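> Okay, here's the structure, questions in a sec.
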Amino acid sequence: MRKTILFIAGILISMTAAAQTYTRQAESSEQLSQARQWMAQGLWRNGFTKADPDSTVNAIDFQEQYQRNREQWDALFCWLDSTDVLTIPKGKHPIQGTTLVASVEDSKNAPLARRQSESHYQHIDFQWVVRGTERFALIDHDTSTPNCEWRPDVIHYDYDQSRAMFLDSTPGRFFIFFPQDWHIAKIENEVEGDDQEIRVIVIKVDYVGE
């Protein structure tokens with residue numbers, strides 16, 4: 001029981017650190033509370049119940065982007081709900097009635113040194129590992145610096161590995177990386193006996209500014 005309590009406490013500390021350093025900041029506690037309530041209510045699901053948002057998903061960004069671009073988000077979750085993501089062939093699958101494309105990737109995690117950090121400003125990365133365990137990292141804004149120009153909607157960073165927050169993704173939850181979520185995907189995880197083979201669904205949603 002004590003180990004469980006300590007583990008949960010560690011998660012809460014990491015979540016707090018993420019909100020302070022690794023993602024967009026709330027303008028007030030009321031704004032954050034309202035956005036979290038909206039996300040918990042699940043009106044955005046459009047029937048999709050196969051997975052839940054990871055605790056690191058920025059609720060404020062999610063609510064704003066859903067309200068500004070509901071057509072794409074509704075189509076995304078409708079497609080995920082109606083598609084057998086484990087048996088559909090790998091490759092690119094257009095989502096009917098939209099410009100969205102679901103990328104079904106049978107891939108393999110790699111050591112951190114071989115994976116690049118990135119962020120986007122025109123698109124939002126929706127990522128859901130549906131088979132296996134994928135490790136993500138969020139890199140902090142205070143010590144990370146771009147190491148290239150935008151090409152055209154991606155930029156990479158030099159970062160302090162000791163300040164990165166690592167998260168293991170499993171089929172029960174999905175991740176959404178907004179422009180201020182600087183991230184690394186497909187990192188080799190440390191799950192004993194895991195062969196590092198994964199299947200992941202990646203959908204790039206248009207980012208809509210004010």
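Going through the structure tokens in order, the chains are called A, B, and so on, while each chain numbers its residues from 1 and the ligands are numbered from 1 in the order shown.
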Would you kindly return, as a list in words, each protein, DNA or RNA residue with an atom no farther than 10 Å from any atom of Leu167 in chain A, considering only C-alpha atoms and excluding same-chain residues fewer than 5 positions away?

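With the cut-off at 10 Å, the set is Ser14, Asp54, Thr56, Glu134, Arg135, Phe136, Ala137, Leu138, Ala185, Ile187 and Asn189 of chain A.
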
> Tell me, which residues of range 70-140 of chain A carry DSSP strand (DSSP E), written as a PyMOL selection string?

chain A and resi 91-94+101-108+117-118+123-131+134-138

> Figure out the distance between CA of Ala59 in chain A and CA of Ala35 in chain A, please, to one decimal in Å.

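These atoms are spaced 5.3 Å apart.
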
> Using only C-alpha atoms, which protein or nucleic acid residues come within 12 Å of Gln161 in chain A? Drop anything in the same chain fewer than 6 positions from it, and give the result as a ChimeraX atom specification.

/A:112-113,117,137-140,143-144,183-184

> Atoms to include: N, CA and C atoms. Write the selected residues as a PDB file, in the first residue's frame.


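Okay, this is what ended up in out_18.pdb:
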ATOM      1  N   LEU A 112      16.551   6.461 -27.026  1.00  0.00           N
ATOM      2  CA  LEU A 112      16.323   7.904 -27.000  1.00  0.00           C
ATOM      3  C   LEU A 112      17.288   8.654 -27.909  1.00  0.00           C
ATOM      4  N   ALA A 113      18.543   8.236 -27.961  1.00  0.00           N
ATOM      5  CA  ALA A 113      19.551   8.936 -28.757  1.00  0.00           C
ATOM      6  C   ALA A 113      19.211   8.945 -30.244  1.00  0.00           C
ATOM      7  N   SER A 117      13.412  15.246 -30.947  1.00  0.00           N
ATOM      8  CA  SER A 117      12.376  16.077 -30.346  1.00  0.00           C
ATOM      9  C   SER A 117      11.721  16.895 -31.453  1.00  0.00           C
ATOM     10  N   ALA A 137       8.339  11.494 -24.421  1.00  0.00           N
ATOM     11  CA  ALA A 137       8.995  12.434 -23.516  1.00  0.00           C
ATOM     12  C   ALA A 137       8.461  13.824 -23.820  1.00  0.00           C
ATOM     13  N   LEU A 138       8.283  14.597 -22.768  1.00  0.00           N
ATOM     14  CA  LEU A 138       8.024  16.032 -22.894  1.00  0.00           C
ATOM     15  C   LEU A 138       9.281  16.746 -22.451  1.00  0.00           C
ATOM     16  N   ILE A 139       9.743  17.700 -23.248  1.00  0.00           N
ATOM     17  CA  ILE A 139      10.965  18.420 -22.891  1.00  0.00           C
ATOM     18  C   ILE A 139      10.601  19.815 -22.408  1.00  0.00           C
ATOM     19  N   ASP A 140      11.381  20.312 -21.455  1.00  0.00           N
ATOM     20  CA  ASP A 140      10.990  21.556 -20.801  1.00  0.00           C
ATOM     21  C   ASP A 140      11.368  22.770 -21.645  1.00  0.00           C
ATOM     22  N   THR A 143      15.016  25.182 -20.682  1.00  0.00           N
ATOM     23  CA  THR A 143      16.393  24.858 -21.048  1.00  0.00           C
ATOM     24  C   THR A 143      16.532  24.309 -22.458  1.00  0.00           C
ATOM     25  N   SER A 144      15.428  24.120 -23.181  1.00  0.00           N
ATOM     26  CA  SER A 144      15.485  23.586 -24.545  1.00  0.00           C
ATOM     27  C   SER A 144      15.556  24.727 -25.556  1.00  0.00           C
ATOM     28  N   HIS A 183       7.855  17.501 -27.783  1.00  0.00           N
ATOM     29  CA  HIS A 183       7.780  16.091 -27.427  1.00  0.00           C
ATOM     30  C   HIS A 183       8.728  15.217 -28.250  1.00  0.00           C
ATOM     31  N   ILE A 184       8.880  14.005 -27.772  1.00  0.00           N
ATOM     32  CA  ILE A 184       9.644  12.959 -28.452  1.00  0.00           C
ATOM     33  C   ILE A 184       8.784  11.700 -28.414  1.00  0.00           C
TER      34      ILE A 184
END

> Give me the residues within 12 Å of Thr83 in chain A as number ranges by chain, counting only C-alpha atoms and dropping any in the same chain fewer than 5 places off.

A: 48, 50, 75-78, 88-89, 93, 95, 102, 104, 130, 201

> Can you write out the residues you just picked, keeping C-alpha atoms, as a PDB file, in the first residue's frame?


ATOM      1  CA  PHE A  48     -15.518   7.081 -28.735  1.00  0.00           C
ATOM      2  CA  LYS A  50     -11.945   2.961 -26.388  1.00  0.00           C
ATOM      3  CA  ALA A  75     -14.765  13.275 -37.498  1.00  0.00           C
ATOM      4  CA  LEU A  76     -11.553  12.075 -35.834  1.00  0.00           C
ATOM      5  CA  PHE A  77     -13.301  10.490 -32.864  1.00  0.00           C
ATOM      6  CA  CYS A  78     -16.102   9.074 -35.037  1.00  0.00           C
ATOM      7  CA  ILE A  88      -7.022  -2.160 -40.483  1.00  0.00           C
ATOM      8  CA  PRO A  89      -4.039  -2.276 -42.886  1.00  0.00           C
ATOM      9  CA  HIS A  93      -6.354   6.330 -44.397  1.00  0.00           C
ATOM     10  CA  ILE A  95     -11.102  10.333 -42.949  1.00  0.00           C
ATOM     11  CA  ALA A 102      -5.113   8.715 -40.155  1.00  0.00           C
ATOM     12  CA  VAL A 104      -1.634   3.609 -39.068  1.00  0.00           C
ATOM     13  CA  VAL A 130      -3.193   0.625 -29.874  1.00  0.00           C
ATOM     14  CA  ILE A 201      -2.501   5.820 -34.832  1.00  0.00           C
TER      15      ILE A 201
END

> Using only C-alpha atoms, which residues sit within 7 Å of range 195-200 of chain A once same-chain residues fewer than 3 positions away are excluded, as a list in words?

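Surrounding residues, per the criterion: Val104, Glu105, Asp106, Ser107, Lys108, Asn109, Gln127, Trp128, Val129, Val130, Arg131, Gly132, Thr133, Glu134 and Glu188 of chain A.
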
> Write the selection just made, keeping N, CA and C atoms, as a compact mmCIF listing (two decimals), in the first residue's frame?


# COMPACT_ATOMS: atom_id res chain seq x y z
N VAL A 104 -1.70 4.83 -39.88
CA VAL A 104 -1.63 3.61 -39.07
C VAL A 104 -0.22 3.06 -39.22
N GLU A 105 0.54 3.10 -38.16
CA GLU A 105 1.97 2.80 -38.23
C GLU A 105 2.30 1.56 -37.39
N ASP A 106 2.80 0.52 -38.06
CA ASP A 106 3.40 -0.62 -37.37
C ASP A 106 4.88 -0.31 -37.28
N SER A 107 5.32 -0.02 -36.08
CA SER A 107 6.66 0.53 -35.91
C SER A 107 7.36 -0.12 -34.73
N LYS A 108 8.51 0.42 -34.41
CA LYS A 108 9.31 -0.12 -33.31
C LYS A 108 9.95 1.03 -32.54
N ASN A 109 9.88 0.97 -31.24
CA ASN A 109 10.55 1.97 -30.41
C ASN A 109 12.06 1.90 -30.61
N GLN A 127 -2.00 11.18 -30.99
CA GLN A 127 -1.28 9.91 -31.05
C GLN A 127 -1.88 8.92 -30.06
N TRP A 128 -2.19 7.72 -30.58
CA TRP A 128 -2.79 6.67 -29.75
C TRP A 128 -2.12 5.34 -30.09
N VAL A 129 -1.35 4.81 -29.17
CA VAL A 129 -0.75 3.50 -29.38
C VAL A 129 -1.81 2.45 -29.06
N VAL A 130 -2.11 1.60 -30.03
CA VAL A 130 -3.19 0.63 -29.87
C VAL A 130 -2.68 -0.78 -29.65
N ARG A 131 -1.38 -0.97 -29.80
CA ARG A 131 -0.77 -2.27 -29.47
C ARG A 131 0.66 -2.02 -29.00
N GLY A 132 1.00 -2.61 -27.86
CA GLY A 132 2.34 -2.44 -27.30
C GLY A 132 2.41 -1.26 -26.34
N THR A 133 3.63 -0.89 -26.00
CA THR A 133 3.88 0.23 -25.09
C THR A 133 4.87 1.18 -25.75
N GLU A 134 4.44 2.41 -25.92
CA GLU A 134 5.30 3.44 -26.51
C GLU A 134 5.68 4.44 -25.44
N GLU A 188 12.31 3.83 -26.83
CA GLU A 188 12.40 2.49 -26.26
C GLU A 188 11.99 2.52 -24.80

> In Å, rounded to a single decimal, give me how far CA of Gln63 in chain A is from CA of Phe178 in chain A.

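Going from CA of Phe178 in chain A over to CA of Gln63 in chain A, I get 11.7 Å.
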
> Within 6 Å of Phe126 in chain A, counting only C-alpha atoms, which residues show up once you throw out same-chain ones fewer than 2 positions away? Write them as a ChimeraX atom specification, please.

/A:176,202-203

> Which polymer residues have any atom within 7 Å of an atom of Asp181 in chain A, counting only C-alpha atoms, with same-chain residues fewer than 4 positions away left out, as a VMD selection string?

chain A and resid 22 to 23 119 138 177

> Selection from above, all heavy atoms, as a PDB file, in the first residue's frame, can you write it?


ATOM      1  N   TYR A  22       6.151  22.333 -18.977  1.00  0.00           N
ATOM      2  CA  TYR A  22       6.228  21.622 -20.241  1.00  0.00           C
ATOM      3  C   TYR A  22       5.062  21.867 -21.197  1.00  0.00           C
ATOM      4  O   TYR A  22       5.023  21.280 -22.270  1.00  0.00           O
ATOM      5  CB  TYR A  22       6.327  20.118 -19.976  1.00  0.00           C
ATOM      6  CG  TYR A  22       7.555  19.735 -19.201  1.00  0.00           C
ATOM      7  CD1 TYR A  22       7.537  19.739 -17.809  1.00  0.00           C
ATOM      8  CD2 TYR A  22       8.726  19.401 -19.851  1.00  0.00           C
ATOM      9  CE1 TYR A  22       8.667  19.410 -17.094  1.00  0.00           C
ATOM     10  CE2 TYR A  22       9.853  19.060 -19.137  1.00  0.00           C
ATOM     11  CZ  TYR A  22       9.828  19.065 -17.754  1.00  0.00           C
ATOM     12  OH  TYR A  22      10.946  18.742 -17.050  1.00  0.00           O
ATOM     13  N   THR A  23       4.136  22.705 -20.822  1.00  0.00           N
ATOM     14  CA  THR A  23       2.970  22.909 -21.654  1.00  0.00           C
ATOM     15  C   THR A  23       2.446  24.323 -21.468  1.00  0.00           C
ATOM     16  O   THR A  23       3.004  25.100 -20.693  1.00  0.00           O
ATOM     17  CB  THR A  23       1.889  21.861 -21.324  1.00  0.00           C
ATOM     18  OG1 THR A  23       0.867  21.905 -22.325  1.00  0.00           O
ATOM     19  CG2 THR A  23       1.263  22.081 -19.953  1.00  0.00           C
ATOM     20  N   SER A 119       8.188  19.898 -32.363  1.00  0.00           N
ATOM     21  CA  SER A 119       6.906  20.548 -32.110  1.00  0.00           C
ATOM     22  C   SER A 119       6.408  21.081 -33.436  1.00  0.00           C
ATOM     23  O   SER A 119       7.135  21.140 -34.426  1.00  0.00           O
ATOM     24  CB  SER A 119       7.029  21.669 -31.072  1.00  0.00           C
ATOM     25  OG  SER A 119       7.771  22.765 -31.581  1.00  0.00           O
ATOM     26  N   LEU A 138       8.283  14.597 -22.768  1.00  0.00           N
ATOM     27  CA  LEU A 138       8.024  16.032 -22.894  1.00  0.00           C
ATOM     28  C   LEU A 138       9.281  16.746 -22.451  1.00  0.00           C
ATOM     29  O   LEU A 138       9.848  16.425 -21.398  1.00  0.00           O
ATOM     30  CB  LEU A 138       6.842  16.440 -22.012  1.00  0.00           C
ATOM     31  CG  LEU A 138       5.472  15.890 -22.411  1.00  0.00           C
ATOM     32  CD1 LEU A 138       4.437  16.264 -21.368  1.00  0.00           C
ATOM     33  CD2 LEU A 138       5.055  16.414 -23.779  1.00  0.00           C
ATOM     34  N   PHE A 177      -0.592  16.405 -28.627  1.00  0.00           N
ATOM     35  CA  PHE A 177       0.514  17.346 -28.499  1.00  0.00           C
ATOM     36  C   PHE A 177       0.174  18.623 -29.259  1.00  0.00           C
ATOM     37  O   PHE A 177       0.137  18.640 -30.492  1.00  0.00           O
ATOM     38  CB  PHE A 177       1.805  16.727 -29.023  1.00  0.00           C
ATOM     39  CG  PHE A 177       2.214  15.485 -28.266  1.00  0.00           C
ATOM     40  CD1 PHE A 177       2.132  14.234 -28.870  1.00  0.00           C
ATOM     41  CD2 PHE A 177       2.643  15.561 -26.955  1.00  0.00           C
ATOM     42  CE1 PHE A 177       2.493  13.089 -28.176  1.00  0.00           C
ATOM     43  CE2 PHE A 177       2.999  14.422 -26.248  1.00  0.00           C
ATOM     44  CZ  PHE A 177       2.927  13.186 -26.862  1.00  0.00           C
TER      45      PHE A 177
END
